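What follows is a short report on a single structure.
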Amino acid sequence: MKEGKIVKIAGPLVVAEGLSGAKMYEVVYVGKERLMGEIIELRGDRASIQVYEETGGLGPGDPVFPSGAPLSVELGPGLIESIFDGVERPLDAIRERVGDFIERGVHVPALNREKKWHFVPTKKQGDEVTGGDPLGYVQETPLVKHIIMVPPDVEGVIEEIKEGEFTVTDTIARIKKKDGEIFNAQMMQVWPVRKPRPYKEKLPPTIPMVTGQRVIDTFFPVAKGGTACVPGPFGSGKTVIQHQLAKWSDADIVVYIGCGERGNEMTDVLIEFPELKDPRSGKPLMNRTVLIANTSNMPVAAREASVYTGITIAEYFRDMGYTVALMADSTSRWAEAMREISGRLEEMPGEEGYPAYLAARVAQFYERAGRVKCLGSEDKEGALTVIGAVSPPGGDLQDPVVQATLRVVKVFWSLEAKLAYRRHFPAINWLTSYSLYRDTVKGYFNNNVAKDFFDLTTEAMKILEKEAELEEIVRLVGAESLSPDDQLLLEIARSIREDFLHQNAFHEVDTYASLKKQYYMLKNILEWYKKAGSLLKRGMDIKELKQLDIWEKLARMKYYPESQLNELEKLLEEIKNVTQPAKS
């Protein structure tokens with residue numbers, strides 16, 4: 001294919017002529033330094049290209065070299081523990097080559113071509129295989145067995161399969177396809193980022209993704225294969241929640257996309273993640289994590305590509321039968337990149353200058369989540385859960401990005417600066433958040449935790465709603481003017497808020513609570529509400545009730561380690577046996 005010539009440059013957007021055989025979303029190399037770019041608009045032989053690197057120094061007449069292939073990612077051993085930029089360039093390998101600052105025109109393969117991995121075959125010569133079938137595995141890290149799969153479009157009989165040490169580009173198996181052609185299978189696959197990876201069937205979201213965060217698991221659960229949105233203003237704790245979910249959720253693989261975040265926040269992630277311990281194995285959390293770092297000072301076009309890069313890598317691990325959690329922080333920056341590129345293309349702007357196709361792009365991204373039956377002759381399930389943080393200006397939930405996201409996701413965790421200023425973390429507002437998975441995961445909670453789990457959550461939510469109604473009266477005339485029953489309700493609501501919903505991410509015990517622990521904590525608070533109500537009816541004074549030591553014991557529940565859950569059961573019995581103290 002012949003090269004084109006630049007005719008116009010507008011920031012990250014370059015317009016070139018002479019690209020008559022080019023296709024949409026094809027990768028091209030721009031200028032003498034061969035800067036990487038992607039075609040995003042075609043008009044005849046004129047192509048608009050978003051360049052993933054700084055375009056300073058380019059001029060009209062400079063060459064544009066087509067590649068003939070769409071923007072794709074390399075998938076294979078070496079992904080886990082890696083830190084990539086938005087177009088899957090390995091930042092550690094770039095640093096070794098050019099130093100701390102990425103130079104323009106640096107081309108480094110995503111997967112190390114020299115490192116050898118020990119491949120163990122699970123198939124033998126003569127076996128019939130189809131797309132998605134495992135050929136064997138590589139023990140990539142102590143926590144991840146990397147399944148080497150037949151590419152989705154290949155089907156045939158294994159003529160030869162090897163065992164031993166190989167690089168990702170070595171041939172590990174030869175497959176004779178139905179048309180007689182021989183396919184040389186490698187450990188690496190290449191897949192276009194904008195094309196979802198195929199699967200057999202989408203399954204209903206009936207299993208919750210347990211996060212260990214009480215406000216989420218108990219009130220607003222997210223299902224495995226589900227979608228969630230975390231909008232909130234600056235300082236409300238979006239990033240800490242993303243960290244907590246990455247660390248504690250029961251996902252096998254974590255893909256974290258820092259999309260246009262501040263450099264210091266991304267630095268925190270890059271420093272903290274390698275130091276975090278995986279709670280289930282005691283090994284470093286990085287042993288099952290892929291990081292994509294695209295900070296706000298990096299070229300804006302690469303920010304737009306980073307979410308596609310991340311979700312394609314996540315789909316690849318889902319196809320192995322793993323449960324994958326993808327954290328995108330934040331999709332607002334991605335939308336801003338779309339808005340900037342759209343403006344340079346001189347497209348008709350939509351609401352607040354965002355492109356008219358904003359909602360469609362957001363929906364396409366979240367629709368790639370799901371719990372699925374994976375490709376292949378074996379019966380295996382994988383799940384990809386997508387959790388996107390949104391940073392609306394000034395915390396305005398009417399922002400087009402928030403509204404477009406809420407139309408497609410099923411869980412809304414509403415972060416509030418007001419709660420964060422009161423040092424209540426996670427700062428998720430229990431009155432405005434919601435989860436549409438409550439009904440679908442109810443059976444799991446009934447069978448695996450307790451039959452009355454959801455009854456307790458409904459009762460607790462009613463108490464919190466009633467407290468919100470009473471707050472106005474309390475502000476006007478004070479709590480003492482309320483009836484004893486309402487005063488008790490306020491005390492119980494305070495206990496739910498402070499002793500149950502409030503959770504310290506930096507406390508070694510309180511940072512995580514199992515579903516059983518969450519159940520007993522809530523059960524104890526609500527059992528005490530019932531008991532205290534009966535004591536009031538029998539003539540006990542509200543002031544006397546407030547002085548009982550049960551309140552302090554409820555406050556200490558969160559600090560019981562998982563090995564001492566029997567103490568919470570004992571407390572339940574103690575609450576049931578509380579009697580009215582004798583009057584002197």
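By convention here, the chains of the structure tokens are called A, B, ... in the order presented, each chain's residues are numbered starting at 1, and ligands are numbered starting at 1 in the order presented.
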**OP:** Within 12 Å of Val138 in chain A, counting only C-alpha atoms, which residues show up once you throw out same-chain ones fewer than 4 positions away? Write them as a PyMOL selection string, please.
**Re:** chain A and resi 76-78+80+116-122+134+142-149+163-168+172+187-188
Original post:
Could you pull the residues within 12 Å of Phe412 in chain A, counting only C-alpha atoms, minus those fewer than 3 positions along the same chain, as a VMD selection string?
Top reply: chain A and resid 216 219 to 222 226 to 232 387 to 390 397 402 to 403 405 to 409 415 428 to 437
Range 44-125 of chain A near range 6-25 of chain A within 7 Å: what's each residue's closest atom pair and its distance in Å to one decimal, counting only C-alpha atoms, ordered by chain then ascending residue number, as a Markdown table?
```
| residue | atom | partner | partner_atom | distance |
| --- | --- | --- | --- | --- |
| A:Gly44 | CA | A:Ser20 | CA | 6.8 |
| A:Asp45 | CA | A:Ser20 | CA | 4.2 |
| A:Arg46 | CA | A:Glu17 | CA | 4.4 |
| A:Ala47 | CA | A:Ala16 | CA | 5.4 |
| A:Ser48 | CA | A:Val15 | CA | 4.5 |
| A:Ile49 | CA | A:Val14 | CA | 5.1 |
| A:Gln50 | CA | A:Leu13 | CA | 4.8 |
| A:Val51 | CA | A:Pro12 | CA | 5.3 |
| A:Glu54 | CA | A:Pro12 | CA | 6.9 |
| A:Thr55 | CA | A:Pro12 | CA | 6.1 |
| A:Pro60 | CA | A:Ile6 | CA | 4.8 |
| A:Gly61 | CA | A:Ile6 | CA | 5.0 |
| A:Asp62 | CA | A:Ile6 | CA | 5.4 |
| A:Pro63 | CA | A:Ile6 | CA | 6.4 |
| A:Val64 | CA | A:Ile6 | CA | 6.8 |
| A:Pro70 | CA | A:Tyr25 | CA | 5.4 |
| A:Leu71 | CA | A:Tyr25 | CA | 6.7 |
```
Subject >> Backbone-only DSSP, helix (DSSP H, G or I) members of range 140-290 of chain A, as an NGL selection string >> reply: :A and (214-219 or 238-248 or 263-275 or 285-288)
**OP:** Compile the contact shell of Tyr560 in chain A as a PyMOL selection string: residues with an atom at most 12 Å away, counting only C-alpha atoms, same-chain residues fewer than 2 positions apart removed.
**Re:** chain A and resi 507-514+517-518+520-521+553-558+562-569+571
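What separates CA of Glu103 in chain A from CA of Ser332 in chain A is a distance of 27.0 Å.
Residue nearest Leu75 in chain A, chosen from A:Tyr316, A:Tyr137, A:Phe183, A:Phe234 and counting only C-alpha atoms: A:Tyr316.
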**OP:** Find the distance between CA of Ile463 in chain A and CA of Ser534 in chain A and write it in Å to one decimal.
**Re:**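 CA of Ser534 in chain A lies 16.9 Å from CA of Ile463 in chain A.
Between Val269 in chain A and the residues A:Ala302, A:Ala337, A:Val307, A:Ile83, the shortest atom-to-atom distance, using only C-alpha atoms, involves A:Ile83.
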Which range 116-230 of chain A residues have any atom within 10 Å of an atom of range 372-383 of chain A, and for each, what is the nearest pair of atoms with distance in Å to one decimal, counting only C-alpha atoms, rows sorted by chain and number, as JSON lines?
```
{"residue": "A:Glu128", "atom": "CA", "partner": "A:Ser377", "partner_atom": "CA", "distance": 9.5}
{"residue": "A:Val129", "atom": "CA", "partner": "A:Ser377", "partner_atom": "CA", "distance": 7.6}
{"residue": "A:Thr130", "atom": "CA", "partner": "A:Gly376", "partner_atom": "CA", "distance": 5.9}
{"residue": "A:Gly131", "atom": "CA", "partner": "A:Gly376", "partner_atom": "CA", "distance": 5.6}
{"residue": "A:Gly132", "atom": "CA", "partner": "A:Gly376", "partner_atom": "CA", "distance": 4.4}
{"residue": "A:Asp133", "atom": "CA", "partner": "A:Gly376", "partner_atom": "CA", "distance": 4.6}
{"residue": "A:Pro134", "atom": "CA", "partner": "A:Gly376", "partner_atom": "CA", "distance": 8.0}
{"residue": "A:Met149", "atom": "CA", "partner": "A:Gly376", "partner_atom": "CA", "distance": 9.0}
{"residue": "A:Val150", "atom": "CA", "partner": "A:Gly376", "partner_atom": "CA", "distance": 8.6}
{"residue": "A:Pro151", "atom": "CA", "partner": "A:Leu375", "partner_atom": "CA", "distance": 9.8}
{"residue": "A:Pro152", "atom": "CA", "partner": "A:Leu375", "partner_atom": "CA", "distance": 7.4}
{"residue": "A:Glu155", "atom": "CA", "partner": "A:Gly376", "partner_atom": "CA", "distance": 9.9}
{"residue": "A:Arg197", "atom": "CA", "partner": "A:Leu375", "partner_atom": "CA", "distance": 9.7}
{"residue": "A:Pro198", "atom": "CA", "partner": "A:Leu375", "partner_atom": "CA", "distance": 7.2}
{"residue": "A:Tyr199", "atom": "CA", "partner": "A:Leu375", "partner_atom": "CA", "distance": 5.0}
{"residue": "A:Lys200", "atom": "CA", "partner": "A:Leu375", "partner_atom": "CA", "distance": 5.4}
{"residue": "A:Glu201", "atom": "CA", "partner": "A:Lys373", "partner_atom": "CA", "distance": 5.2}
{"residue": "A:Lys202", "atom": "CA", "partner": "A:Val372", "partner_atom": "CA", "distance": 4.4}
{"residue": "A:Leu203", "atom": "CA", "partner": "A:Val372", "partner_atom": "CA", "distance": 5.2}
{"residue": "A:Pro204", "atom": "CA", "partner": "A:Val372", "partner_atom": "CA", "distance": 8.5}
{"residue": "A:Pro205", "atom": "CA", "partner": "A:Ala383", "partner_atom": "CA", "distance": 9.3}
{"residue": "A:Met209", "atom": "CA", "partner": "A:Ala383", "partner_atom": "CA", "distance": 10.0}
{"residue": "A:Ala223", "atom": "CA", "partner": "A:Ala383", "partner_atom": "CA", "distance": 9.5}
{"residue": "A:Lys224", "atom": "CA", "partner": "A:Ala383", "partner_atom": "CA", "distance": 6.0}
{"residue": "A:Gly225", "atom": "CA", "partner": "A:Ala383", "partner_atom": "CA", "distance": 4.8}
{"residue": "A:Gly226", "atom": "CA", "partner": "A:Ala383", "partner_atom": "CA", "distance": 8.5}
```
Create the file for the chosen residues now, containing N, CA, C and O atoms and written as a short mmCIF file (atom, residue, chain, number, x, y, z; two decimals), in the first residue's frame.
```
data_model
loop_
_atom_site.label_atom_id
_atom_site.label_comp_id
_atom_site.auth_asym_id
_atom_site.auth_seq_id
_atom_site.Cartn_x
_atom_site.Cartn_y
_atom_site.Cartn_z
N GLU A 128 -8.67 -33.39 18.27
CA GLU A 128 -9.40 -32.35 17.55
C GLU A 128 -9.57 -31.14 18.45
O GLU A 128 -9.91 -31.30 19.63
N VAL A 129 -9.33 -29.98 17.92
CA VAL A 129 -9.47 -28.75 18.71
C VAL A 129 -10.28 -27.72 17.94
O VAL A 129 -10.31 -27.74 16.70
N THR A 130 -10.90 -26.83 18.69
CA THR A 130 -11.65 -25.73 18.08
C THR A 130 -11.28 -24.44 18.82
O THR A 130 -10.61 -24.48 19.86
N GLY A 131 -11.70 -23.29 18.28
CA GLY A 131 -11.36 -22.00 18.87
C GLY A 131 -11.71 -21.92 20.35
O GLY A 131 -12.81 -22.26 20.74
N GLY A 132 -10.75 -21.48 21.19
CA GLY A 132 -10.98 -21.37 22.63
C GLY A 132 -10.52 -22.57 23.42
O GLY A 132 -10.41 -22.50 24.65
N ASP A 133 -10.25 -23.71 22.76
CA ASP A 133 -9.77 -24.90 23.48
C ASP A 133 -8.36 -24.65 24.03
O ASP A 133 -7.53 -24.04 23.35
N PRO A 134 -8.06 -25.16 25.24
CA PRO A 134 -6.70 -25.02 25.76
C PRO A 134 -5.74 -26.00 25.09
O PRO A 134 -6.07 -27.17 24.93
N MET A 149 -4.54 -20.82 24.55
CA MET A 149 -5.76 -21.26 23.85
C MET A 149 -5.58 -21.23 22.33
O MET A 149 -4.77 -20.48 21.80
N VAL A 150 -6.40 -22.06 21.67
CA VAL A 150 -6.49 -22.00 20.21
C VAL A 150 -7.19 -20.69 19.85
O VAL A 150 -8.22 -20.36 20.45
N PRO A 151 -6.67 -19.92 18.89
CA PRO A 151 -7.35 -18.67 18.51
C PRO A 151 -8.81 -18.94 18.10
O PRO A 151 -9.13 -20.02 17.59
N PRO A 152 -9.70 -17.97 18.33
CA PRO A 152 -11.15 -18.20 18.10
C PRO A 152 -11.53 -18.68 16.71
O PRO A 152 -12.51 -19.39 16.54
N GLU A 155 -9.78 -24.12 13.74
CA GLU A 155 -10.38 -25.41 14.08
C GLU A 155 -9.67 -26.48 13.28
O GLU A 155 -9.35 -26.28 12.10
N ARG A 197 -14.16 -9.87 22.03
CA ARG A 197 -13.79 -11.27 21.80
C ARG A 197 -15.05 -12.14 21.91
O ARG A 197 -15.91 -11.90 22.74
N PRO A 198 -15.16 -13.17 21.05
CA PRO A 198 -16.41 -13.95 21.01
C PRO A 198 -16.54 -14.94 22.17
O PRO A 198 -15.56 -15.30 22.82
N TYR A 199 -17.77 -15.36 22.42
CA TYR A 199 -18.07 -16.37 23.45
C TYR A 199 -19.28 -17.16 22.97
O TYR A 199 -19.94 -16.78 22.01
N LYS A 200 -19.58 -18.26 23.67
CA LYS A 200 -20.71 -19.11 23.25
C LYS A 200 -22.05 -18.51 23.63
O LYS A 200 -22.98 -18.45 22.85
N GLU A 201 -22.16 -18.08 24.90
CA GLU A 201 -23.48 -17.69 25.42
C GLU A 201 -23.29 -16.78 26.63
O GLU A 201 -22.38 -16.97 27.42
N LYS A 202 -24.17 -15.79 26.76
CA LYS A 202 -24.14 -14.92 27.93
C LYS A 202 -25.04 -15.52 29.00
O LYS A 202 -26.16 -15.95 28.70
N LEU A 203 -24.56 -15.56 30.24
CA LEU A 203 -25.31 -16.17 31.34
C LEU A 203 -25.90 -15.08 32.25
O LEU A 203 -25.37 -13.97 32.32
N PRO A 204 -26.99 -15.40 32.96
CA PRO A 204 -27.58 -14.38 33.84
C PRO A 204 -26.66 -14.07 35.03
O PRO A 204 -25.95 -14.95 35.51
N PRO A 205 -26.68 -12.82 35.50
CA PRO A 205 -25.78 -12.41 36.60
C PRO A 205 -26.35 -12.81 37.96
O PRO A 205 -26.93 -11.99 38.66
N MET A 209 -20.30 -10.51 43.14
CA MET A 209 -18.86 -10.35 43.31
C MET A 209 -18.66 -9.82 44.72
O MET A 209 -19.01 -8.67 45.01
N ALA A 223 -22.96 -7.96 40.64
CA ALA A 223 -22.86 -9.37 40.25
C ALA A 223 -21.57 -9.61 39.47
O ALA A 223 -21.02 -8.69 38.86
N LYS A 224 -21.10 -10.85 39.49
CA LYS A 224 -19.98 -11.22 38.62
C LYS A 224 -20.46 -11.11 37.18
O LYS A 224 -21.49 -11.66 36.81
N GLY A 225 -19.69 -10.37 36.38
CA GLY A 225 -20.13 -10.10 35.02
C GLY A 225 -21.02 -8.87 34.94
O GLY A 225 -21.60 -8.57 33.90
N GLY A 226 -21.12 -8.13 36.04
CA GLY A 226 -21.98 -6.95 36.09
C GLY A 226 -21.23 -5.67 35.77
O GLY A 226 -20.04 -5.67 35.46
#
```
Subject >> Contact residues around Asp268 in chain A with only C-alpha atoms at 12 Å, ignoring same-chain residues under 4 positions, as an NGL selection string >> reply: :A and (239-240 or 243 or 258 or 261-264 or 272-276 or 293)
Atoms kept (all heavy atoms) for selection, written as a CSV table (one decimal), in the first residue's frame:
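Written file, part_24.csv:
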```
chain,number,residue,atom,x,y,z
A,239,THR,N,-10.8,6.8,44.1
A,239,THR,CA,-9.7,6.0,43.9
A,239,THR,C,-9.5,4.9,45.0
A,239,THR,O,-9.1,3.8,44.7
A,239,THR,CB,-8.4,6.9,43.7
A,239,THR,OG1,-8.7,7.8,42.7
A,239,THR,CG2,-7.2,6.1,43.4
A,240,VAL,N,-9.7,5.3,46.3
A,240,VAL,CA,-9.6,4.4,47.4
A,240,VAL,C,-10.6,3.2,47.2
A,240,VAL,O,-10.2,2.1,47.5
A,240,VAL,CB,-9.8,5.1,48.7
A,240,VAL,CG1,-9.8,4.1,49.9
A,240,VAL,CG2,-8.7,6.1,49.0
A,243,HIS,N,-9.2,0.9,44.7
A,243,HIS,CA,-8.1,0.1,45.3
A,243,HIS,C,-8.7,-1.0,46.1
A,243,HIS,O,-8.2,-2.1,46.1
A,243,HIS,CB,-7.2,1.0,46.2
A,243,HIS,CG,-6.4,1.9,45.4
A,243,HIS,ND1,-5.3,2.5,45.9
A,243,HIS,CD2,-6.5,2.4,44.1
A,243,HIS,CE1,-4.7,3.3,45.0
A,243,HIS,NE2,-5.4,3.2,43.9
A,258,GLY,N,-5.7,3.3,34.6
A,258,GLY,CA,-5.7,4.7,35.0
A,258,GLY,C,-5.8,5.6,33.7
A,258,GLY,O,-4.8,5.8,33.0
A,261,GLU,N,-5.8,10.0,34.6
A,261,GLU,CA,-5.8,10.5,36.0
A,261,GLU,C,-4.5,11.4,36.2
A,261,GLU,O,-3.6,11.3,35.4
A,261,GLU,CB,-5.8,9.3,36.9
A,261,GLU,CG,-7.2,8.7,37.1
A,261,GLU,CD,-8.1,9.7,37.7
A,261,GLU,OE1,-8.0,10.1,38.8
A,261,GLU,OE2,-9.0,10.2,36.9
A,262,ARG,N,-4.6,12.1,37.3
A,262,ARG,CA,-3.4,12.9,37.7
A,262,ARG,C,-2.2,12.0,37.9
A,262,ARG,O,-2.3,10.9,38.4
A,262,ARG,CB,-3.7,13.7,39.0
A,262,ARG,CG,-4.7,14.8,38.8
A,262,ARG,CD,-4.9,15.5,40.1
A,262,ARG,NE,-5.6,14.7,41.1
A,262,ARG,CZ,-7.0,14.5,41.1
A,262,ARG,NH1,-7.7,15.1,40.2
A,262,ARG,NH2,-7.5,13.7,42.0
A,263,GLY,N,-1.0,12.5,37.5
A,263,GLY,CA,0.2,11.8,37.6
A,263,GLY,C,0.5,11.2,39.0
A,263,GLY,O,0.9,10.1,39.2
A,264,ASN,N,0.2,12.1,40.0
A,264,ASN,CA,0.6,11.7,41.4
A,264,ASN,C,-0.4,10.6,41.8
A,264,ASN,O,0.1,9.7,42.6
A,264,ASN,CB,0.5,12.9,42.4
A,264,ASN,CG,-0.9,13.5,42.4
A,264,ASN,OD1,-1.7,13.4,41.5
A,264,ASN,ND2,-1.2,14.2,43.5
A,272,GLU,N,1.9,1.5,45.2
A,272,GLU,CA,1.1,0.8,46.2
A,272,GLU,C,0.8,-0.7,45.8
A,272,GLU,O,0.9,-1.6,46.5
A,272,GLU,CB,-0.2,1.4,46.5
A,272,GLU,CG,-0.1,2.6,47.5
A,272,GLU,CD,-1.4,3.3,47.7
A,272,GLU,OE1,-2.5,2.7,47.4
A,272,GLU,OE2,-1.4,4.5,48.0
A,273,PHE,N,0.4,-0.8,44.5
A,273,PHE,CA,0.0,-2.2,44.0
A,273,PHE,C,1.1,-3.2,44.2
A,273,PHE,O,0.8,-4.3,44.7
A,273,PHE,CB,-0.5,-2.1,42.6
A,273,PHE,CG,-2.0,-1.9,42.5
A,273,PHE,CD1,-2.6,-0.8,43.1
A,273,PHE,CD2,-2.8,-2.8,41.8
A,273,PHE,CE1,-4.0,-0.6,43.0
A,273,PHE,CE2,-4.2,-2.7,41.8
A,273,PHE,CZ,-4.8,-1.6,42.4
A,274,PRO,N,2.3,-2.9,43.8
A,274,PRO,CA,3.4,-3.9,44.0
A,274,PRO,C,3.6,-4.3,45.5
A,274,PRO,O,4.1,-5.4,45.8
A,274,PRO,CB,4.6,-3.3,43.4
A,274,PRO,CG,4.1,-2.3,42.4
A,274,PRO,CD,2.8,-1.8,43.0
A,275,GLU,N,3.2,-3.4,46.4
A,275,GLU,CA,3.4,-3.6,47.8
A,275,GLU,C,2.2,-4.3,48.5
A,275,GLU,O,2.3,-4.9,49.6
A,275,GLU,CB,3.7,-2.3,48.6
A,275,GLU,CG,5.0,-1.7,48.2
A,275,GLU,CD,5.3,-0.4,48.9
A,275,GLU,OE1,4.4,0.1,49.6
A,275,GLU,OE2,6.4,0.2,48.6
A,276,LEU,N,1.0,-4.3,47.8
A,276,LEU,CA,-0.2,-4.9,48.4
A,276,LEU,C,0.0,-6.4,48.4
A,276,LEU,O,0.4,-7.0,47.5
A,276,LEU,CB,-1.4,-4.4,47.6
A,276,LEU,CG,-1.9,-3.0,47.8
A,276,LEU,CD1,-3.1,-2.7,46.8
A,276,LEU,CD2,-2.2,-2.6,49.2
A,293,ALA,N,-1.4,2.5,32.6
A,293,ALA,CA,-1.2,3.8,33.1
A,293,ALA,C,-1.2,4.8,32.0
A,293,ALA,O,-0.3,4.8,31.1
A,293,ALA,CB,0.2,3.9,33.8
```
Original post:
Please, what distance in Å, to one decimal, runs between CA of Ser414 in chain A and CA of Arg214 in chain A?
Top reply: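 Spanning CA of Ser414 in chain A to CA of Arg214 in chain A is a straight-line distance of 14.9 Å.
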Original post:
Between A:Glu53, A:Leu476, A:Glu459, A:Leu515, which is the closest to Tyr529 in chain A once you count only C-alpha atoms?
Top reply: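 Using only C-alpha atoms, the shortest distance to Tyr529 in chain A belongs to A:Glu459.
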Original post:
So, counting only C-alpha atoms, which residue among A:Met36, A:Met286, A:Ile292, A:Cys259 is closest to Thr331 in chain A?
Top reply: A:Cys259
Name the residues in contact with Trp551 in chain A at a cut-off of 12 Å, using only C-alpha atoms, excluding same-chain residues fewer than 3 positions from it; report them as a PDB file with C-alpha atoms, in the first residue's frame.
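What landed in selection.pdb:
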```
ATOM      1  CA  LEU A 488     -34.467   4.880  69.711  1.00  0.00           C
ATOM      2  CA  GLU A 491     -29.825   5.751  67.873  1.00  0.00           C
ATOM      3  CA  ILE A 492     -30.177   2.532  65.858  1.00  0.00           C
ATOM      4  CA  ARG A 494     -26.576   6.029  64.031  1.00  0.00           C
ATOM      5  CA  SER A 495     -25.346   2.532  64.928  1.00  0.00           C
ATOM      6  CA  ILE A 496     -26.029   1.274  61.374  1.00  0.00           C
ATOM      7  CA  GLU A 498     -21.171   4.330  62.293  1.00  0.00           C
ATOM      8  CA  ASP A 499     -20.796   0.692  63.337  1.00  0.00           C
ATOM      9  CA  ASN A 524     -27.116  -7.933  66.032  1.00  0.00           C
ATOM     10  CA  ILE A 525     -27.962  -4.256  65.462  1.00  0.00           C
ATOM     11  CA  TRP A 528     -31.044  -4.973  69.580  1.00  0.00           C
ATOM     12  CA  TYR A 529     -33.559  -2.578  67.977  1.00  0.00           C
ATOM     13  CA  ALA A 532     -34.692  -2.186  73.045  1.00  0.00           C
ATOM     14  CA  GLU A 544     -31.281   4.369  80.828  1.00  0.00           C
ATOM     15  CA  LEU A 545     -31.402   2.467  77.554  1.00  0.00           C
ATOM     16  CA  LYS A 546     -28.635   4.615  76.068  1.00  0.00           C
ATOM     17  CA  GLN A 547     -26.390   3.833  79.052  1.00  0.00           C
ATOM     18  CA  LEU A 548     -26.436   0.046  78.570  1.00  0.00           C
ATOM     19  CA  LEU A 554     -22.096  -3.220  68.856  1.00  0.00           C
ATOM     20  CA  ALA A 555     -19.474  -0.555  68.075  1.00  0.00           C
ATOM     21  CA  ARG A 556     -16.659  -3.087  68.635  1.00  0.00           C
ATOM     22  CA  MET A 557     -18.118  -5.728  66.269  1.00  0.00           C
ATOM     23  CA  LEU A 571     -23.388 -11.266  71.302  1.00  0.00           C
ATOM     24  CA  ILE A 575     -28.861  -9.299  73.222  1.00  0.00           C
TER      25      ILE A 575
END
```
**OP:** Write out as a ChimeraX atom specification each polymer residue whose atoms come within 10 Å of Val87 in chain A, counting only C-alpha atoms; drop sequence neighbours fewer than 4 positions from it.
**Re:** /A:36,52,71-73,110,193,292-294,301-310
Original post:
Which of range 132-281 of chain A counts as strand (DSSP E) under DSSP, as a ChimeraX atom specification please?
Top reply: /A:134-139,145-149,156-161,164-166,171-177,182-186,189-192,201-203,227-231,253-261
Output file for the selection above: C-alpha atoms, as a tab-separated table (two decimals), in the first residue's frame:
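File part.tsv, as written:
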```tsv
chain	number	residue	atom	x	y	z
A	134	PRO	CA	-6.70	-25.02	25.76
A	135	LEU	CA	-3.52	-26.40	24.18
A	136	GLY	CA	-1.64	-26.26	27.48
A	137	TYR	CA	-0.54	-23.74	30.08
A	138	VAL	CA	2.30	-21.61	31.38
A	139	GLN	CA	2.65	-20.94	35.14
A	145	LYS	CA	-1.90	-20.36	35.38
A	146	HIS	CA	-1.89	-18.80	31.93
A	147	ILE	CA	-3.95	-21.01	29.61
A	148	ILE	CA	-2.64	-21.08	26.03
A	149	MET	CA	-5.76	-21.26	23.85
A	156	GLY	CA	-8.68	-28.68	13.16
A	157	VAL	CA	-6.51	-31.62	14.32
A	158	ILE	CA	-3.22	-31.32	16.21
A	159	GLU	CA	-0.41	-32.68	14.03
A	160	GLU	CA	2.37	-31.85	16.50
A	161	ILE	CA	2.57	-30.32	20.00
A	164	GLY	CA	9.56	-27.13	26.99
A	165	GLU	CA	10.93	-23.60	27.07
A	166	PHE	CA	9.65	-21.28	24.34
A	171	THR	CA	5.66	-22.46	17.35
A	172	ILE	CA	4.36	-24.73	20.14
A	173	ALA	CA	1.84	-26.73	18.05
A	174	ARG	CA	0.90	-27.38	14.44
A	175	ILE	CA	-2.84	-27.66	13.72
A	176	LYS	CA	-4.14	-29.04	10.41
A	177	LYS	CA	-7.26	-27.06	9.54
A	182	ILE	CA	-1.34	-25.92	8.55
A	183	PHE	CA	-1.71	-23.35	11.36
A	184	ASN	CA	1.41	-22.77	13.47
A	185	ALA	CA	0.14	-22.00	16.99
A	186	GLN	CA	2.18	-19.65	19.19
A	189	GLN	CA	-2.41	-14.01	20.00
A	190	VAL	CA	-3.08	-10.61	18.44
A	191	TRP	CA	-6.58	-9.15	18.72
A	192	PRO	CA	-8.11	-5.81	17.52
A	201	GLU	CA	-23.48	-17.69	25.42
A	202	LYS	CA	-24.14	-14.92	27.93
A	203	LEU	CA	-25.31	-16.17	31.34
A	227	THR	CA	-21.39	-3.24	35.56
A	228	ALA	CA	-21.08	-0.49	38.15
A	229	CYS	CA	-20.58	3.26	38.12
A	230	VAL	CA	-18.83	5.26	40.87
A	231	PRO	CA	-19.40	8.97	40.25
A	253	ILE	CA	-7.49	-11.29	37.71
A	254	VAL	CA	-7.54	-7.50	38.17
A	255	VAL	CA	-7.08	-5.08	35.25
A	256	TYR	CA	-6.66	-1.47	36.44
A	257	ILE	CA	-6.87	1.33	33.86
A	258	GLY	CA	-5.66	4.75	34.99
A	259	CYS	CA	-7.32	6.72	32.20
A	260	GLY	CA	-6.21	10.35	32.19
A	261	GLU	CA	-5.77	10.50	35.97
```
